[in-house]
Amino acid sequence: MLLPHHTSRVTGRYYRTALAVLDFDTREGRWTVAAAGGGRADWYRNLRPHPKTVIQYGNRHHTVNARFPDAAESEAAWAGLTRPAARRNCPRTTACPVPAPAMVVLEAAVDYRRPRGLGLRRMR
């Protein structure tokens with residue numbers, strides 16, 4: 001889970017929204033998330049005018065720049081992530097393409113430190 005901090009494009013109020021991470025590159029500090037409501041999701045529309053923001057991943061905060069990939073890049077990333085799920089939910093006779101949602105790539109700023117200890121904790 002990822003918690004981006006964003007400012008409303010209309011009122012200027014401060015918000016945080018919990019998002020599921022589709023892909024995380026630890027070396028580069030790059031998170032890929034998707035807007036479930038497409039381009040109409042409020043957090044997605046709030047990041048458009050203010051792409052520089054802060055996210056919370058685990059117990060650390062990171063300054064990031066939001067990048068909005070074009071349709072071709074989104075389709076390629078989505079195809080690699082959803083192919084098994086698309087086959088599982090479709091009848092065998094159809095190809096059943098799954099359209100790519102609106103995606104956002106959050107790239108860490110220069111002072112990014114690789115997070116440690118984000119693995120599963122043992123339950124006692």
# chains A, B, ... in the order shown; residues from 1 in each chain; ligands from 1

$ select_by_dssp --residues "segment 24-73 of chain A" --states "strand (DSSP E)" --output "PyMOL selection string"
chain A and resi 24-25+30-35+52-57+60-67

$ residues_around --residues "Val54 of chain A" --least-positions-apart "2" --cutoff "12 Å" --atoms "only C-alpha atoms" --output "PDB file with N, CA and C atoms, in the first residue's frame"
ATOM      1  N   LEU A   2       0.329   2.277  -0.576  1.00  0.00           N
ATOM      2  CA  LEU A   2       1.029   3.540  -0.741  1.00  0.00           C
ATOM      3  C   LEU A   2       0.069   4.656  -0.357  1.00  0.00           C
ATOM      4  N   LEU A   3       0.567   5.677   0.306  1.00  0.00           N
ATOM      5  CA  LEU A   3      -0.289   6.768   0.750  1.00  0.00           C
ATOM      6  C   LEU A   3       0.230   8.091   0.183  1.00  0.00           C
ATOM      7  N   PRO A   4      -0.307   8.523  -0.974  1.00  0.00           N
ATOM      8  CA  PRO A   4       0.128   9.820  -1.514  1.00  0.00           C
ATOM      9  C   PRO A   4      -0.588  10.973  -0.815  1.00  0.00           C
ATOM     10  N   HIS A   5       0.144  12.034  -0.558  1.00  0.00           N
ATOM     11  CA  HIS A   5      -0.413  13.253   0.013  1.00  0.00           C
ATOM     12  C   HIS A   5      -0.645  14.188  -1.168  1.00  0.00           C
ATOM     13  N   HIS A   6      -1.848  14.698  -1.314  1.00  0.00           N
ATOM     14  CA  HIS A   6      -2.132  15.565  -2.457  1.00  0.00           C
ATOM     15  C   HIS A   6      -3.046  16.708  -2.054  1.00  0.00           C
ATOM     16  N   THR A   7      -3.011  17.765  -2.855  1.00  0.00           N
ATOM     17  CA  THR A   7      -3.789  18.968  -2.604  1.00  0.00           C
ATOM     18  C   THR A   7      -4.920  19.034  -3.619  1.00  0.00           C
ATOM     19  N   TYR A  14      -5.993  19.577   1.834  1.00  0.00           N
ATOM     20  CA  TYR A  14      -4.970  18.540   1.878  1.00  0.00           C
ATOM     21  C   TYR A  14      -5.636  17.182   2.051  1.00  0.00           C
ATOM     22  N   TYR A  15      -5.243  16.202   1.218  1.00  0.00           N
ATOM     23  CA  TYR A  15      -5.832  14.856   1.286  1.00  0.00           C
ATOM     24  C   TYR A  15      -4.746  13.791   1.251  1.00  0.00           C
ATOM     25  N   ARG A  16      -5.107  12.603   1.738  1.00  0.00           N
ATOM     26  CA  ARG A  16      -4.289  11.389   1.621  1.00  0.00           C
ATOM     27  C   ARG A  16      -5.210  10.275   1.154  1.00  0.00           C
ATOM     28  N   THR A  17      -4.735   9.463   0.238  1.00  0.00           N
ATOM     29  CA  THR A  17      -5.540   8.376  -0.321  1.00  0.00           C
ATOM     30  C   THR A  17      -4.706   7.103  -0.351  1.00  0.00           C
ATOM     31  N   LEU A  47      -3.316  15.193  -8.797  1.00  0.00           N
ATOM     32  CA  LEU A  47      -1.883  15.114  -9.083  1.00  0.00           C
ATOM     33  C   LEU A  47      -1.509  15.759 -10.416  1.00  0.00           C
ATOM     34  N   HIS A  50      -0.391  19.341  -9.774  1.00  0.00           N
ATOM     35  CA  HIS A  50       0.661  19.378  -8.747  1.00  0.00           C
ATOM     36  C   HIS A  50       1.387  18.032  -8.732  1.00  0.00           C
ATOM     37  N   PRO A  51       2.250  17.753  -9.723  1.00  0.00           N
ATOM     38  CA  PRO A  51       2.881  16.425  -9.787  1.00  0.00           C
ATOM     39  C   PRO A  51       3.952  16.176  -8.730  1.00  0.00           C
ATOM     40  N   LYS A  52       4.513  17.218  -8.129  1.00  0.00           N
ATOM     41  CA  LYS A  52       5.510  17.009  -7.076  1.00  0.00           C
ATOM     42  C   LYS A  52       4.779  16.895  -5.751  1.00  0.00           C
ATOM     43  N   GLN A  56       3.863   8.181   1.422  1.00  0.00           N
ATOM     44  CA  GLN A  56       4.292   7.362   2.549  1.00  0.00           C
ATOM     45  C   GLN A  56       4.255   5.927   2.084  1.00  0.00           C
ATOM     46  N   TYR A  57       5.396   5.260   2.150  1.00  0.00           N
ATOM     47  CA  TYR A  57       5.502   3.851   1.784  1.00  0.00           C
ATOM     48  C   TYR A  57       6.150   3.141   2.955  1.00  0.00           C
ATOM     49  N   ARG A  60       8.131   5.228   5.957  1.00  0.00           N
ATOM     50  CA  ARG A  60       8.960   6.327   5.477  1.00  0.00           C
ATOM     51  C   ARG A  60       8.206   7.216   4.503  1.00  0.00           C
ATOM     52  N   HIS A  61       8.583   8.472   4.501  1.00  0.00           N
ATOM     53  CA  HIS A  61       8.024   9.438   3.569  1.00  0.00           C
ATOM     54  C   HIS A  61       9.061   9.738   2.493  1.00  0.00           C
ATOM     55  N   HIS A  62       8.615   9.859   1.251  1.00  0.00           N
ATOM     56  CA  HIS A  62       9.495  10.126   0.119  1.00  0.00           C
ATOM     57  C   HIS A  62       8.904  11.262  -0.711  1.00  0.00           C
ATOM     58  N   THR A  63       9.764  12.151  -1.177  1.00  0.00           N
ATOM     59  CA  THR A  63       9.352  13.182  -2.110  1.00  0.00           C
ATOM     60  C   THR A  63       9.417  12.581  -3.507  1.00  0.00           C
ATOM     61  N   VAL A  64       8.328  12.706  -4.260  1.00  0.00           N
ATOM     62  CA  VAL A  64       8.261  12.092  -5.584  1.00  0.00           C
ATOM     63  C   VAL A  64       7.719  13.087  -6.610  1.00  0.00           C
ATOM     64  N   ASN A  65       7.969  12.755  -7.865  1.00  0.00           N
ATOM     65  CA  ASN A  65       7.383  13.466  -8.993  1.00  0.00           C
ATOM     66  C   ASN A  65       6.480  12.492  -9.731  1.00  0.00           C
ATOM     67  N   ALA A  66       5.244  12.877  -9.956  1.00  0.00           N
ATOM     68  CA  ALA A  66       4.288  12.017 -10.658  1.00  0.00           C
ATOM     69  C   ALA A  66       4.474  12.182 -12.159  1.00  0.00           C
ATOM     70  N   LEU A 106       5.288   7.128  -9.985  1.00  0.00           N
ATOM     71  CA  LEU A 106       5.816   8.057  -8.982  1.00  0.00           C
ATOM     72  C   LEU A 106       7.312   7.801  -8.858  1.00  0.00           C
ATOM     73  N   GLU A 107       8.101   8.781  -9.279  1.00  0.00           N
ATOM     74  CA  GLU A 107       9.558   8.643  -9.287  1.00  0.00           C
ATOM     75  C   GLU A 107      10.156   9.446  -8.139  1.00  0.00           C
ATOM     76  N   ALA A 108      10.990   8.794  -7.337  1.00  0.00           N
ATOM     77  CA  ALA A 108      11.573   9.431  -6.151  1.00  0.00           C
ATOM     78  C   ALA A 108      12.508  10.562  -6.537  1.00  0.00           C
ATOM     79  N   ALA A 109      12.584  11.551  -5.664  1.00  0.00           N
ATOM     80  CA  ALA A 109      13.481  12.689  -5.863  1.00  0.00           C
ATOM     81  C   ALA A 109      14.920  12.255  -5.620  1.00  0.00           C
ATOM     82  N   TYR A 112      16.508  10.014  -2.480  1.00  0.00           N
ATOM     83  CA  TYR A 112      15.826   8.745  -2.190  1.00  0.00           C
ATOM     84  C   TYR A 112      16.766   7.786  -1.470  1.00  0.00           C
TER      85      TYR A 112
END

$ closest_residue --among "A:Ala41, A:Ala36, A:Val110, A:Leu22" --to "Trp78 of chain A" --atoms "only C-alpha atoms"
A:Leu22

$ select_by_dssp --residues "segment 30-94 of chain A" --states "alpha helix (DSSP H)" --output "list of chain:residue names"
A:Asp42, A:Trp43, A:Tyr44, A:Arg45, A:Asn46, A:Leu47, A:Ala71, A:Ala72, A:Glu73, A:Ser74, A:Glu75, A:Ala76, A:Ala77, A:Trp78, A:Ala79, A:Gly80, A:Leu81, A:Thr82, A:Arg83, A:Pro84, A:Ala85, A:Ala86, A:Arg87, A:Arg88, A:Asn89

$ residues_around --residues "Ala102 of chain A" --least-positions-apart "4" --cutoff "12 Å" --atoms "only C-alpha atoms" --output "PyMOL selection string"
chain A and resi 32-41+43-45+48+67-75+77-78

$ write_last_selection --atoms "C-alpha atoms" --output "PDB file, in the first residue's frame"
ATOM      1  CA  THR A  32       3.501   2.381 -10.367  1.00  0.00           C
ATOM      2  CA  VAL A  33      -0.123   2.789  -9.296  1.00  0.00           C
ATOM      3  CA  ALA A  34      -3.390   2.710 -11.230  1.00  0.00           C
ATOM      4  CA  ALA A  35      -6.563   4.754 -10.856  1.00  0.00           C
ATOM      5  CA  ALA A  36      -9.455   2.345 -10.407  1.00  0.00           C
ATOM      6  CA  GLY A  37     -11.935   4.984 -11.578  1.00  0.00           C
ATOM      7  CA  GLY A  38      -9.792   5.834 -14.570  1.00  0.00           C
ATOM      8  CA  GLY A  39      -8.899   9.448 -15.187  1.00  0.00           C
ATOM      9  CA  ARG A  40     -11.925  10.538 -13.139  1.00  0.00           C
ATOM     10  CA  ALA A  41     -10.459   9.523  -9.763  1.00  0.00           C
ATOM     11  CA  TRP A  43      -6.478  11.805  -6.437  1.00  0.00           C
ATOM     12  CA  TYR A  44      -5.454  11.301 -10.089  1.00  0.00           C
ATOM     13  CA  ARG A  45      -6.968  14.639 -11.123  1.00  0.00           C
ATOM     14  CA  ARG A  48      -2.158  16.481 -12.641  1.00  0.00           C
ATOM     15  CA  ARG A  67       4.625  11.047 -14.305  1.00  0.00           C
ATOM     16  CA  PHE A  68       1.583  10.150 -16.384  1.00  0.00           C
ATOM     17  CA  PRO A  69       2.545   7.564 -19.042  1.00  0.00           C
ATOM     18  CA  ASP A  70       1.009   7.727 -22.500  1.00  0.00           C
ATOM     19  CA  ALA A  71      -1.512   5.134 -23.703  1.00  0.00           C
ATOM     20  CA  ALA A  72       1.072   2.852 -25.348  1.00  0.00           C
ATOM     21  CA  GLU A  73       3.257   2.673 -22.222  1.00  0.00           C
ATOM     22  CA  SER A  74       0.207   2.056 -20.012  1.00  0.00           C
ATOM     23  CA  GLU A  75      -1.054  -0.738 -22.282  1.00  0.00           C
ATOM     24  CA  ALA A  77       2.681  -2.319 -18.517  1.00  0.00           C
ATOM     25  CA  TRP A  78      -0.914  -3.435 -17.963  1.00  0.00           C
TER      26      TRP A  78
END

$ closest_residue --among "A:Leu19, A:Ile55, A:Ala76, A:Asp25" --to "Pro99 of chain A" --atoms "only C-alpha atoms"
A:Ala76

$ atom_distance --atom1 "atom CA of Val21 of chain A" --atom2 "atom CA of Ser8 of chain A"
21.8 Å

$ closest_residue --among "A:Asn46, A:Ala79, A:Trp31, A:Thr11" --to "Val105 of chain A" --atoms "only C-alpha atoms"
A:Trp31

$ closest_residue --among "A:Thr53, A:Asn59, A:Asp23, A:Gly29" --to "Leu81 of chain A" --atoms "only C-alpha atoms"
A:Asp23

$ decode --residues "segment 27-69 of chain A" --atoms "C-alpha atoms" --output "CSV table (one decimal), in the first residue's frame"
chain,number,residue,atom,x,y,z
A,27,ARG,CA,16.9,0.6,-6.9
A,28,GLU,CA,15.4,3.5,-8.8
A,29,GLY,CA,12.7,4.4,-6.3
A,30,ARG,CA,9.8,4.1,-8.7
A,31,TRP,CA,6.2,3.1,-7.8
A,32,THR,CA,3.5,2.4,-10.4
A,33,VAL,CA,-0.1,2.8,-9.3
A,34,ALA,CA,-3.4,2.7,-11.2
A,35,ALA,CA,-6.6,4.8,-10.9
A,36,ALA,CA,-9.5,2.3,-10.4
A,37,GLY,CA,-11.9,5.0,-11.6
A,38,GLY,CA,-9.8,5.8,-14.6
A,39,GLY,CA,-8.9,9.4,-15.2
A,40,ARG,CA,-11.9,10.5,-13.1
A,41,ALA,CA,-10.5,9.5,-9.8
A,42,ASP,CA,-10.0,12.6,-7.6
A,43,TRP,CA,-6.5,11.8,-6.4
A,44,TYR,CA,-5.5,11.3,-10.1
A,45,ARG,CA,-7.0,14.6,-11.1
A,46,ASN,CA,-5.4,16.4,-8.1
A,47,LEU,CA,-1.9,15.1,-9.1
A,48,ARG,CA,-2.2,16.5,-12.6
A,49,PRO,CA,-1.6,20.2,-11.7
A,50,HIS,CA,0.7,19.4,-8.7
A,51,PRO,CA,2.9,16.4,-9.8
A,52,LYS,CA,5.5,17.0,-7.1
A,53,THR,CA,4.2,15.5,-3.8
A,54,VAL,CA,5.1,13.3,-0.8
A,55,ILE,CA,4.2,9.7,-0.4
A,56,GLN,CA,4.3,7.4,2.5
A,57,TYR,CA,5.5,3.9,1.8
A,58,GLY,CA,5.9,1.6,4.8
A,59,ASN,CA,6.9,3.9,7.7
A,60,ARG,CA,9.0,6.3,5.5
A,61,HIS,CA,8.0,9.4,3.6
A,62,HIS,CA,9.5,10.1,0.1
A,63,THR,CA,9.4,13.2,-2.1
A,64,VAL,CA,8.3,12.1,-5.6
A,65,ASN,CA,7.4,13.5,-9.0
A,66,ALA,CA,4.3,12.0,-10.7
A,67,ARG,CA,4.6,11.0,-14.3
A,68,PHE,CA,1.6,10.1,-16.4
A,69,PRO,CA,2.5,7.6,-19.0
